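Visitor: As input, take data-v7.cif (mmCIF, C-alpha atoms and all ligand atoms):
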data_coords
#
loop_
_atom_site.label_atom_id
_atom_site.label_comp_id
_atom_site.auth_asym_id
_atom_site.auth_seq_id
_atom_site.Cartn_x
_atom_site.Cartn_y
_atom_site.Cartn_z
CA MET A 1 131.78 58.66 35.63
CA ASP A 2 135.49 59.11 34.97
CA ASN A 3 135.24 62.77 34.04
CA ALA A 4 132.95 63.80 36.94
CA PRO A 5 134.55 66.64 38.95
CA LEU A 6 135.66 65.73 42.44
CA ALA A 7 133.28 67.13 45.09
CA MET A 8 135.17 69.82 46.98
CA ASN A 9 134.65 70.27 50.67
CA TYR A 10 134.96 73.92 51.58
CA GLU A 11 133.95 73.59 55.23
CA ARG A 12 136.18 74.45 58.16
CA ASP A 13 137.17 71.36 60.16
CA ASN A 14 134.83 72.13 63.04
CA ILE A 15 131.89 72.69 60.66
CA GLN A 16 132.61 69.32 59.06
CA ARG A 17 132.41 67.73 62.51
CA LEU A 18 129.32 69.69 63.50
CA ASP A 19 125.94 68.10 64.26
CA ALA A 20 123.64 71.00 63.41
CA TYR A 21 120.81 72.01 65.76
CA ALA A 22 117.80 69.71 65.43
CA PRO A 23 114.61 71.71 66.14
CA GLY A 24 111.37 70.01 67.13
CA GLU A 25 109.08 69.08 64.25
CA GLN A 26 106.84 71.81 62.84
CA PRO A 27 104.14 69.65 61.20
CA GLN A 28 102.21 71.44 58.45
CA ILE A 29 98.98 69.48 58.87
CA ALA A 30 95.60 70.68 60.09
CA ASP A 31 94.17 69.57 63.44
CA VAL A 32 97.51 68.73 64.94
CA VAL A 33 97.93 68.81 68.72
CA LYS A 34 101.32 70.45 68.97
CA MET A 35 103.00 69.87 72.32
CA ASN A 36 106.60 69.53 71.17
CA THR A 37 108.29 72.95 70.98
CA ASN A 38 107.12 74.78 74.11
CA GLU A 39 105.07 77.41 72.32
CA ASN A 40 102.36 79.24 74.24
CA PRO A 41 98.92 77.81 73.31
CA TYR A 42 97.20 81.21 73.59
CA PRO A 43 97.40 84.05 71.02
CA PRO A 44 99.40 87.24 71.65
CA ALA A 45 97.66 90.43 72.83
CA GLU A 46 95.49 92.23 70.26
CA ALA A 47 97.66 95.36 70.75
CA VAL A 48 100.60 93.43 69.24
CA LEU A 49 98.66 92.68 66.05
CA GLU A 50 97.51 96.31 65.87
CA ALA A 51 101.10 97.52 66.19
CA ILE A 52 102.11 95.25 63.30
CA ARG A 53 99.16 96.41 61.15
CA SER A 54 100.02 100.04 61.71
CA ILE A 55 103.55 99.77 60.28
CA GLN A 56 103.89 102.27 57.42
CA GLY A 57 105.65 101.67 54.11
CA ASP A 58 108.12 104.40 54.97
CA GLN A 59 109.21 102.52 58.09
CA LEU A 60 109.96 99.51 55.91
CA ARG A 61 111.80 101.60 53.32
CA ARG A 62 114.24 102.79 56.00
CA TYR A 63 116.58 100.74 58.18
CA PRO A 64 115.23 100.06 61.67
CA PRO A 65 116.62 101.79 64.79
CA PRO A 66 119.89 99.83 65.16
CA LEU A 67 119.88 99.82 68.95
CA ALA A 68 116.12 99.19 69.31
CA GLY A 69 116.12 102.21 71.63
CA GLU A 70 112.40 102.25 72.40
CA PHE A 71 112.39 98.53 73.20
CA ARG A 72 115.40 98.92 75.49
CA LYS A 73 113.68 101.75 77.35
CA VAL A 74 110.41 99.88 77.82
CA ALA A 75 112.08 96.56 78.73
CA GLY A 76 114.40 98.38 81.14
CA ALA A 77 111.47 100.09 82.89
CA LEU A 78 109.60 96.76 83.14
CA HIS A 79 112.60 95.19 84.91
CA ASN A 80 113.57 98.27 86.95
CA LEU A 81 116.78 98.67 84.98
CA ASP A 82 118.32 101.41 82.89
CA ALA A 83 117.98 101.13 79.10
CA SER A 84 121.78 100.73 78.96
CA GLN A 85 121.36 97.42 80.79
CA VAL A 86 119.22 95.93 78.01
CA ILE A 87 120.11 94.57 74.59
CA ALA A 88 117.50 93.48 72.02
CA THR A 89 118.25 90.32 70.06
CA ASN A 90 116.82 88.26 67.22
CA GLY A 91 115.21 85.76 69.58
CA GLY A 92 116.91 84.73 72.80
CA ASP A 93 118.98 82.39 70.64
CA GLU A 94 120.91 85.32 69.19
CA LEU A 95 121.92 86.43 72.68
CA LEU A 96 123.49 83.00 73.21
CA ARG A 97 125.44 83.37 69.98
CA MET A 98 126.53 86.89 70.88
CA ALA A 99 127.73 85.86 74.35
CA ILE A 100 129.82 83.03 72.89
CA THR A 101 131.25 85.30 70.17
CA ALA A 102 132.13 88.07 72.61
CA LEU A 103 133.41 85.97 75.51
CA CYS A 104 134.73 82.57 74.39
CA THR A 105 138.06 81.99 72.67
CA PRO A 106 137.77 80.29 69.28
CA GLY A 107 140.17 77.72 67.95
CA THR A 108 141.18 76.46 71.38
CA TRP A 109 140.54 72.85 70.46
CA ALA A 110 143.93 71.76 69.06
CA SER A 111 143.64 68.80 66.75
CA ASN A 112 145.90 65.81 67.02
CA SER A 113 148.59 67.83 68.73
CA VAL A 114 151.96 66.12 68.65
CA GLU A 115 152.93 67.58 72.03
CA TYR A 116 149.68 66.34 73.59
CA GLU A 117 150.13 62.87 72.16
CA LYS A 118 153.65 62.73 73.52
CA ALA A 119 152.64 63.99 76.95
CA SER A 120 149.52 61.92 77.43
CA GLY A 121 149.93 58.92 75.17
CA LYS A 122 146.43 59.77 73.86
CA GLY A 123 145.51 61.05 70.43
CA GLY A 124 142.62 63.26 69.47
CA TRP A 125 141.57 66.63 70.72
CA PHE A 126 142.62 68.60 73.69
CA ASP A 127 141.31 71.72 75.25
CA LYS A 128 143.30 74.85 76.00
CA GLY A 129 140.48 76.55 77.90
CA GLY A 130 138.61 79.73 77.06
CA GLY A 131 135.37 77.91 76.39
CA LEU A 132 131.80 77.36 77.51
CA GLY A 133 130.64 75.50 80.61
CA GLN A 134 127.19 73.98 80.81
CA THR A 135 125.17 71.43 82.70
CA GLN A 136 124.20 68.12 81.16
CA PRO A 137 121.48 67.82 80.04
CA THR A 138 120.67 71.34 78.90
CA TYR A 139 119.35 73.30 75.88
CA SER A 140 121.07 71.54 73.00
CA LEU A 141 121.67 74.77 71.04
CA TYR A 142 124.45 75.80 73.50
CA ASP A 143 126.66 72.96 72.30
CA VAL A 144 125.97 73.67 68.64
CA LEU A 145 126.82 77.38 68.96
CA ALA A 146 130.04 76.61 70.85
CA ASN A 147 131.02 74.08 68.18
CA ILE A 148 130.35 76.60 65.40
CA HIS A 149 132.64 79.03 67.27
CA ASP A 150 135.15 76.17 67.70
CA THR A 151 135.43 76.76 71.41
CA PRO A 152 135.66 73.91 73.95
CA VAL A 153 132.66 72.82 76.01
CA THR A 154 132.88 71.58 79.58
CA ASN A 155 129.90 69.48 80.67
CA VAL A 156 128.91 69.01 84.30
CA ALA A 157 126.25 66.36 84.96
CA LEU A 158 123.23 67.51 86.93
CA ASN A 159 122.31 65.69 90.13
CA ASP A 160 119.57 63.04 90.03
CA ASP A 161 116.94 65.64 90.97
CA TRP A 162 118.24 67.89 88.14
CA SER A 163 119.79 70.33 90.63
CA ILE A 164 123.16 71.90 89.82
CA PRO A 165 126.07 70.24 91.66
CA ASP A 166 127.85 72.38 94.29
CA ASP A 167 131.17 72.14 92.42
CA PHE A 168 129.80 73.45 89.12
CA ALA A 169 131.69 76.78 89.26
CA ALA A 170 134.90 75.10 90.50
CA LYS A 171 134.85 72.59 87.63
CA LEU A 172 134.34 75.37 85.10
CA ASN A 173 137.17 77.40 86.63
CA ASP A 174 139.46 74.35 86.43
CA ALA A 175 138.63 74.02 82.73
CA GLY A 176 139.33 77.72 82.13
CA CYS A 177 135.77 78.45 80.96
CA ARG A 178 134.95 82.07 80.14
CA LEU A 179 131.19 81.64 79.99
CA ALA A 180 128.67 79.45 81.82
CA MET A 181 125.14 78.86 80.56
CA VAL A 182 122.49 77.73 82.99
CA VAL A 183 118.87 77.41 81.93
CA ASN A 184 116.49 78.29 84.77
CA PRO A 185 113.82 76.98 85.00
CA HIS A 186 115.78 74.09 83.61
CA ALA A 187 114.96 72.59 80.23
CA PRO A 188 113.97 69.85 79.79
CA SER A 189 113.17 69.09 83.45
CA GLY A 190 111.36 72.28 84.48
CA ARG A 191 113.25 72.53 87.79
CA LEU A 192 113.77 76.04 89.22
CA GLU A 193 117.05 76.62 91.08
CA PRO A 194 116.93 78.76 94.23
CA LEU A 195 118.38 82.25 93.81
CA ALA A 196 121.07 81.45 96.39
CA THR A 197 122.46 78.68 94.16
CA LEU A 198 122.75 81.00 91.17
CA GLU A 199 124.30 83.71 93.35
CA ALA A 200 126.93 81.29 94.67
CA ILE A 201 127.80 80.23 91.10
CA ALA A 202 128.16 83.87 90.01
CA GLN A 203 130.34 84.62 93.04
CA ASN A 204 132.65 81.65 92.50
CA PHE A 205 132.82 81.47 88.71
CA ARG A 206 135.59 83.53 87.12
CA GLY A 207 133.72 84.09 83.84
CA VAL A 208 130.25 85.36 82.92
CA LEU A 209 127.19 83.45 84.11
CA LEU A 210 124.38 83.56 81.55
CA ILE A 211 121.09 82.65 83.20
CA ASP A 212 118.71 81.57 80.45
CA GLU A 213 115.25 82.59 81.62
CA ALA A 214 113.37 81.63 78.46
CA TYR A 215 110.66 80.04 80.64
CA ILE A 216 110.68 82.46 83.57
CA ASP A 217 107.10 83.67 83.01
CA PHE A 218 105.85 80.29 84.27
CA ALA A 219 108.05 80.25 87.40
CA GLU A 220 107.69 81.53 90.94
CA HIS A 221 110.72 83.81 90.95
CA ASP A 222 113.36 85.22 88.62
CA ALA A 223 117.07 86.02 88.98
CA LEU A 224 116.67 89.79 88.57
CA PRO A 225 117.73 90.51 92.19
CA LEU A 226 121.23 89.34 91.15
CA LEU A 227 121.52 92.48 89.00
CA ASP A 228 120.97 94.73 92.02
CA PRO A 229 124.17 96.75 92.55
CA SER A 230 124.12 95.81 96.25
CA ARG A 231 125.08 92.22 95.26
CA GLU A 232 128.23 93.47 93.55
CA LEU A 233 127.99 90.91 90.74
CA ASP A 234 129.17 92.27 87.40
CA ASN A 235 129.23 88.89 85.66
CA VAL A 236 125.52 88.02 85.49
CA LEU A 237 123.72 88.12 82.16
CA ILE A 238 120.02 87.21 82.02
CA LEU A 239 118.35 85.99 78.84
CA GLY A 240 114.71 86.92 78.28
CA THR A 241 112.41 86.21 75.36
CA LEU A 242 108.96 87.11 74.12
CA SER A 243 108.66 83.67 72.50
CA LYS A 244 107.12 81.82 75.43
CA GLY A 245 105.39 84.03 78.00
CA TYR A 246 104.22 86.56 75.36
CA SER A 247 103.14 84.00 72.72
CA LEU A 248 105.50 85.51 70.11
CA ALA A 249 107.84 82.69 69.04
CA GLY A 250 107.27 83.65 65.40
CA LEU A 251 108.41 87.23 65.98
CA ARG A 252 112.00 86.36 66.98
CA LEU A 253 112.52 88.94 69.70
CA GLY A 254 114.62 88.22 72.76
CA TYR A 255 116.84 90.29 75.00
CA GLY A 256 119.70 90.33 77.46
CA LEU A 257 119.85 92.08 80.84
CA GLY A 258 123.07 92.79 82.68
CA SER A 259 125.48 95.47 83.80
CA ALA A 260 125.90 98.36 81.34
CA ASN A 261 129.50 97.19 80.78
CA LEU A 262 128.49 93.67 79.85
CA ILE A 263 125.75 94.93 77.54
CA ALA A 264 128.27 97.26 75.85
CA THR A 265 130.52 94.24 75.24
CA LEU A 266 127.64 92.38 73.57
CA ASP A 267 126.75 95.44 71.52
CA LYS A 268 130.17 95.23 69.90
CA VAL A 269 129.34 91.87 68.31
CA ARG A 270 125.76 92.72 67.32
CA ASP A 271 124.80 92.46 63.64
CA SER A 272 124.25 95.90 62.11
CA TYR A 273 120.44 95.77 62.35
CA ASN A 274 119.78 92.62 64.32
CA THR A 275 116.09 93.26 65.06
CA ASP A 276 113.68 94.56 62.42
CA VAL A 277 111.23 97.43 62.60
CA ILE A 278 108.16 95.16 62.79
CA SER A 279 109.43 93.07 65.67
CA GLN A 280 110.61 96.14 67.58
CA ALA A 281 107.14 97.76 67.31
CA ALA A 282 105.35 94.52 68.18
CA ALA A 283 107.64 93.87 71.15
CA VAL A 284 107.10 97.37 72.56
CA ALA A 285 103.35 96.85 72.25
CA ALA A 286 103.59 93.42 73.91
CA LEU A 287 105.53 94.72 76.92
CA GLY A 288 103.04 97.61 77.16
CA CYS A 289 100.24 95.16 77.95
CA SER A 290 102.11 92.52 79.87
CA ASP A 291 98.97 91.85 81.94
CA VAL A 292 97.52 89.99 78.90
CA ALA A 293 100.58 87.73 78.75
CA ARG A 294 100.43 87.29 82.54
CA ALA A 295 96.83 86.07 82.36
CA ASN A 296 97.76 83.55 79.61
CA CYS A 297 100.70 82.29 81.68
CA GLU A 298 98.42 81.80 84.70
CA LYS A 299 96.16 79.62 82.56
CA VAL A 300 99.17 77.59 81.37
CA ILE A 301 100.35 77.16 84.98
CA ALA A 302 96.90 75.94 86.10
CA GLU A 303 96.76 73.45 83.21
CA ARG A 304 100.35 72.33 83.90
CA ASP A 305 99.43 71.44 87.46
CA ARG A 306 96.24 69.67 86.38
CA LEU A 307 98.08 67.67 83.69
CA ALA A 308 100.84 66.75 86.16
CA ARG A 309 98.26 65.32 88.57
CA ALA A 310 96.46 63.43 85.78
CA LEU A 311 99.72 61.90 84.49
CA SER A 312 100.70 60.87 88.02
CA ASP A 313 97.30 59.19 88.34
CA LEU A 314 98.18 57.19 85.19
CA GLY A 315 101.24 55.85 87.00
CA TRP A 316 103.82 58.15 85.31
CA SER A 317 106.53 59.95 87.21
CA VAL A 318 106.41 63.68 86.65
CA SER A 319 109.34 66.02 87.41
CA PRO A 320 108.15 69.07 89.37
CA SER A 321 107.98 71.84 86.75
CA GLN A 322 108.04 75.63 86.96
CA SER A 323 107.87 75.89 83.20
CA ASN A 324 105.35 75.46 80.37
CA PHE A 325 106.24 71.80 79.89
CA LEU A 326 106.47 68.58 81.87
CA LEU A 327 109.20 65.95 81.77
CA VAL A 328 107.45 62.65 82.33
CA LYS A 329 108.37 58.99 82.48
CA PRO A 330 105.99 56.07 81.91
CA GLY A 331 105.59 53.56 84.73
CA ILE A 332 107.64 50.33 84.76
CA ASP A 333 104.94 48.07 83.27
CA GLN A 334 103.88 50.60 80.66
CA PRO A 335 105.01 51.03 77.03
CA SER A 336 108.34 52.85 76.65
CA ALA A 337 108.57 56.61 76.14
CA GLN A 338 109.60 56.07 72.52
CA THR A 339 106.66 53.76 71.84
CA VAL A 340 104.24 56.27 73.37
CA PHE A 341 105.86 59.07 71.35
CA GLU A 342 105.35 57.15 68.08
CA SER A 343 101.74 56.17 68.90
CA LEU A 344 100.85 59.75 69.78
CA LYS A 345 102.43 60.99 66.57
CA GLN A 346 100.26 58.61 64.54
CA GLN A 347 97.28 60.33 66.14
CA ALA A 348 98.69 63.78 65.19
CA ILE A 349 99.66 64.52 68.79
CA PHE A 350 103.26 65.75 68.80
CA VAL A 351 105.35 65.65 71.99
CA ARG A 352 109.16 65.72 72.26
CA TYR A 353 111.39 62.67 72.56
CA PHE A 354 115.15 63.09 73.14
CA ASN A 355 117.20 60.03 72.27
CA GLN A 356 120.03 60.85 74.66
CA ALA A 357 121.41 59.82 78.05
CA ARG A 358 119.00 60.32 80.98
CA LEU A 359 116.19 61.39 78.65
CA ARG A 360 115.46 58.46 76.36
CA ASP A 361 113.07 56.92 78.89
CA LYS A 362 111.10 60.17 79.15
CA LEU A 363 108.92 62.55 77.14
CA ARG A 364 108.75 66.32 77.29
CA ILE A 365 105.21 67.55 76.91
CA THR A 366 104.40 71.23 76.26
CA ILE A 367 101.29 72.39 78.12
CA GLY A 368 98.43 73.02 75.71
CA ARG A 369 94.94 74.42 76.10
CA LYS A 370 92.53 72.41 78.26
CA SER A 371 90.97 70.71 75.21
CA GLN A 372 94.41 69.71 73.86
CA ASN A 373 95.55 68.39 77.22
CA ASP A 374 92.33 66.38 77.49
CA LYS A 375 92.92 64.94 74.01
CA LEU A 376 96.44 63.92 75.06
CA LEU A 377 95.17 62.29 78.26
CA ALA A 378 92.48 60.36 76.37
CA ALA A 379 95.04 59.14 73.81
CA LEU A 380 97.44 58.10 76.59
CA LYS A 381 94.74 56.19 78.44
CA ALA A 382 93.98 54.29 75.22
CA ILE A 383 97.68 53.54 74.59
CA LEU A 384 98.34 52.38 78.15
C1 LIG A 401 116.20 76.97 77.04
C2 LIG A 401 115.92 77.91 75.93
N1 LIG A 401 116.61 79.03 75.84
C3 LIG A 401 116.41 79.92 74.87
C4 LIG A 401 115.47 79.69 73.90
C5 LIG A 401 115.38 80.72 72.82
O1 LIG A 401 114.14 81.10 72.47
P1 LIG A 401 113.92 82.20 71.35
O2 LIG A 401 115.12 82.23 70.46
O3 LIG A 401 112.68 81.77 70.66
O4 LIG A 401 113.78 83.49 72.09
C6 LIG A 401 114.71 78.51 73.93
C7 LIG A 401 113.72 78.19 72.89
O5 LIG A 401 113.11 77.18 72.82
C8 LIG A 401 114.94 77.60 74.98
O6 LIG A 401 114.26 76.44 75.07
#
What would the structure in this file look like if it were written as structure tokens?
Guide:
Amino acid sequence: MDNAPLAMNYERDNIQRLDAYAPGEQPQIADVVKMNTNENPYPPAEAVLEAIRSIQGDQLRRYPPPLAGEFRKVAGALHNLDASQVIATNGGDELLRMAITALCTPGTWASNSVEYEKASGKGGWFDKGGGLGQTQPTYSLYDVLANIHDTPVTNVALNDDWSIPDDFAAKLNDAGCRLAMVVNPHAPSGRLEPLATLEAIAQNFRGVLLIDEAYIDFAEHDALPLLDPSRELDNVLILGTLSKGYSLAGLRLGYGLGSANLIATLDKVRDSYNTDVISQAAAVAALGCSDVARANCEKVIAERDRLARALSDLGWSVSPSQSNFLLVKPGIDQPSAQTVFESLKQQAIFVRYFNQARLRDKLRITIGRKSQNDKLLAALKAIL
């Protein structure tokens, strides 16, 4: 129509270019076997539900404690740290956003710079440093958050066995990165890096090393020793979450652990009341009975190892996993990962397929309860 108003685009340039985060599907159908978003298959501790039920109207009328003081104290004690070394966040994801906001320089991608074109003969974007360094592949939200902040991203490809290359820190230093994000155990492979590797990165990297331990409750060791003052590392920040090990993905409660200085830096960029009164109470209750979560994680670990053996017996290659999921690849003569993904979906069994380099021939399968894992195995046997 001639008189139709022109559609205005109000977005900043980098938001126009942005591919927003694509979460795994959350199907709203009954009887679904959901093995696509790494949730814990067991319910949270009863004490958590009681804590939520006992919230009073007056607590909701008022603003929540802005610093989540009780949570910081309890989480600190659980990790042998002072409360000043803990920050509570709206899911671990918010800690990632806060670290990028506080540490990375925005606007350091210069578009179509005339000087750059003259100097290099190339058009396009160039990077003035100040950004985020990450491995490839990794948790895809890192990239999205960096792009929202308009800060450059330096990617370093993982080795074939998903280990971090020795020159990771050097490459990030060369690119002028201010923050490195390493997920350990790695997603989506499940590989756990030795502590010595993480320590060497922290020693050699000139920025802050964020170790994303979203899946640590399913692994043999954590990176907490790096926060011991005897190591003299002031640039290590550890991400924790109640989403996986504590079966509380719906609650949105995560946290950061680090030196009191680093935590104070993050506190500066915190939203006014970033965690609500219900999640603070539930999280304190959850940490107070961490043995319940521990027992659930042990069951997940046992099922993970059983499922890994069963998938190997089907002729699939299975990456060794210290997490609550398996990265698996069908055998050469078998249907492709994408075909298997689609067939499973038709049977209401949801697993995760990533259509990207090094992953498009694989599936990531979240460990379910025994009955769910058995259902998956039966469906796979029929498909193969
Ligand atoms: C690698 C990784 N880090 C962090 C998170 C954040 O979890 P949440 O925001 O639920 O605490 C996730 C969630 O799936 C994850 O996979």
Visitor: Kindly work out which residues sit at most 9 Å from ligand LIG 401 (chain A), using all atoms listed in the file, and give the list as a ChimeraX atom specification.
Guide: /A:23,37-39,89-96,138-142,182-188,212-215,239-244,248-255
Visitor: Selection from above, C-alpha atoms, as a PDB file, in the coordinates of the input, can you write it?
Guide:
ATOM      1  CA  PRO A  23     114.610  71.710  66.140  1.00  0.00           C
ATOM      2  CA  THR A  37     108.290  72.950  70.980  1.00  0.00           C
ATOM      3  CA  ASN A  38     107.120  74.780  74.110  1.00  0.00           C
ATOM      4  CA  GLU A  39     105.070  77.410  72.320  1.00  0.00           C
ATOM      5  CA  THR A  89     118.250  90.320  70.060  1.00  0.00           C
ATOM      6  CA  ASN A  90     116.820  88.260  67.220  1.00  0.00           C
ATOM      7  CA  GLY A  91     115.210  85.760  69.580  1.00  0.00           C
ATOM      8  CA  GLY A  92     116.910  84.730  72.800  1.00  0.00           C
ATOM      9  CA  ASP A  93     118.980  82.390  70.640  1.00  0.00           C
ATOM     10  CA  GLU A  94     120.910  85.320  69.190  1.00  0.00           C
ATOM     11  CA  LEU A  95     121.920  86.430  72.680  1.00  0.00           C
ATOM     12  CA  LEU A  96     123.490  83.000  73.210  1.00  0.00           C
ATOM     13  CA  THR A 138     120.670  71.340  78.900  1.00  0.00           C
ATOM     14  CA  TYR A 139     119.350  73.300  75.880  1.00  0.00           C
ATOM     15  CA  SER A 140     121.070  71.540  73.000  1.00  0.00           C
ATOM     16  CA  LEU A 141     121.670  74.770  71.040  1.00  0.00           C
ATOM     17  CA  TYR A 142     124.450  75.800  73.500  1.00  0.00           C
ATOM     18  CA  VAL A 182     122.490  77.730  82.990  1.00  0.00           C
ATOM     19  CA  VAL A 183     118.870  77.410  81.930  1.00  0.00           C
ATOM     20  CA  ASN A 184     116.490  78.290  84.770  1.00  0.00           C
ATOM     21  CA  PRO A 185     113.820  76.980  85.000  1.00  0.00           C
ATOM     22  CA  HIS A 186     115.780  74.090  83.610  1.00  0.00           C
ATOM     23  CA  ALA A 187     114.960  72.590  80.230  1.00  0.00           C
ATOM     24  CA  PRO A 188     113.970  69.850  79.790  1.00  0.00           C
ATOM     25  CA  ASP A 212     118.710  81.570  80.450  1.00  0.00           C
ATOM     26  CA  GLU A 213     115.250  82.590  81.620  1.00  0.00           C
ATOM     27  CA  ALA A 214     113.370  81.630  78.460  1.00  0.00           C
ATOM     28  CA  TYR A 215     110.660  80.040  80.640  1.00  0.00           C
ATOM     29  CA  LEU A 239     118.350  85.990  78.840  1.00  0.00           C
ATOM     30  CA  GLY A 240     114.710  86.920  78.280  1.00  0.00           C
ATOM     31  CA  THR A 241     112.410  86.210  75.360  1.00  0.00           C
ATOM     32  CA  LEU A 242     108.960  87.110  74.120  1.00  0.00           C
ATOM     33  CA  SER A 243     108.660  83.670  72.500  1.00  0.00           C
ATOM     34  CA  LYS A 244     107.120  81.820  75.430  1.00  0.00           C
ATOM     35  CA  LEU A 248     105.500  85.510  70.110  1.00  0.00           C
ATOM     36  CA  ALA A 249     107.840  82.690  69.040  1.00  0.00           C
ATOM     37  CA  GLY A 250     107.270  83.650  65.400  1.00  0.00           C
ATOM     38  CA  LEU A 251     108.410  87.230  65.980  1.00  0.00           C
ATOM     39  CA  ARG A 252     112.000  86.360  66.980  1.00  0.00           C
ATOM     40  CA  LEU A 253     112.520  88.940  69.700  1.00  0.00           C
ATOM     41  CA  GLY A 254     114.620  88.220  72.760  1.00  0.00           C
ATOM     42  CA  TYR A 255     116.840  90.290  75.000  1.00  0.00           C
TER      43      TYR A 255
END
Visitor: Between CA of Arg72 (chain A) and CA of Gln59 (chain A), what is the distance, to one decimal in Å?
Guide: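 These two atoms are separated by 18.8 Å.
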Visitor: Report the closest atom pair, with its distance in Å rounded to one decimal, for each residue of region 272-358 of chain A that has an atom no farther than 10 Å from region 143-161 of chain A; count all atoms listed in the file, sort by chain and then rising residue number, and write it as a tab-separated table.
Guide:
residue	atom	partner	partner_atom	distance
A:Ser319	CA	A:Asp161	CA	8.4
A:Pro320	CA	A:Asp161	CA	9.6
A:Arg358	CA	A:Asp160	CA	9.5
Visitor: Within 12 Å of Arg62 (chain A), counting all atoms listed in the file, which residues show up once you throw out same-chain ones fewer than 3 positions away? Write them as a VMD selection string, please.
Guide: chain A and resid 55 to 59 65 to 66 273 276 to 278
Visitor: Could you dump the residues just selected with C-alpha atoms as an mmCIF file, in the coordinates of the input?
Guide:
data_model
loop_
_atom_site.group_PDB
_atom_site.id
_atom_site.type_symbol
_atom_site.label_atom_id
_atom_site.label_comp_id
_atom_site.auth_asym_id
_atom_site.auth_seq_id
_atom_site.Cartn_x
_atom_site.Cartn_y
_atom_site.Cartn_z
ATOM 1 C CA ILE A 55 103.550 99.770 60.280
ATOM 2 C CA GLN A 56 103.890 102.270 57.420
ATOM 3 C CA GLY A 57 105.650 101.670 54.110
ATOM 4 C CA ASP A 58 108.120 104.400 54.970
ATOM 5 C CA GLN A 59 109.210 102.520 58.090
ATOM 6 C CA PRO A 65 116.620 101.790 64.790
ATOM 7 C CA PRO A 66 119.890 99.830 65.160
ATOM 8 C CA TYR A 273 120.440 95.770 62.350
ATOM 9 C CA ASP A 276 113.680 94.560 62.420
ATOM 10 C CA VAL A 277 111.230 97.430 62.600
ATOM 11 C CA ILE A 278 108.160 95.160 62.790
#
Visitor: When you look at region 189-193 of chain A with a cut-off of 7 Å (counting all atoms listed in the file), what residues show up, excluding the ones that are within fewer than 5 positions of it in the same chain? I need them as a PDB file with C-alpha atoms, keeping the file's coordinate frame.
Guide:
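Saved result, part03.pdb, follows:
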ATOM      1  CA  TRP A 162     118.240  67.890  88.140  1.00  0.00           C
ATOM      2  CA  SER A 163     119.790  70.330  90.630  1.00  0.00           C
ATOM      3  CA  ASN A 184     116.490  78.290  84.770  1.00  0.00           C
ATOM      4  CA  SER A 319     109.340  66.020  87.410  1.00  0.00           C
ATOM      5  CA  PRO A 320     108.150  69.070  89.370  1.00  0.00           C
ATOM      6  CA  SER A 321     107.980  71.840  86.750  1.00  0.00           C
ATOM      7  CA  GLN A 322     108.040  75.630  86.960  1.00  0.00           C
ATOM      8  CA  SER A 323     107.870  75.890  83.200  1.00  0.00           C
ATOM      9  CA  PHE A 325     106.240  71.800  79.890  1.00  0.00           C
ATOM     10  CA  LEU A 326     106.470  68.580  81.870  1.00  0.00           C
ATOM     11  CA  LEU A 327     109.200  65.950  81.770  1.00  0.00           C
TER      12      LEU A 327
END
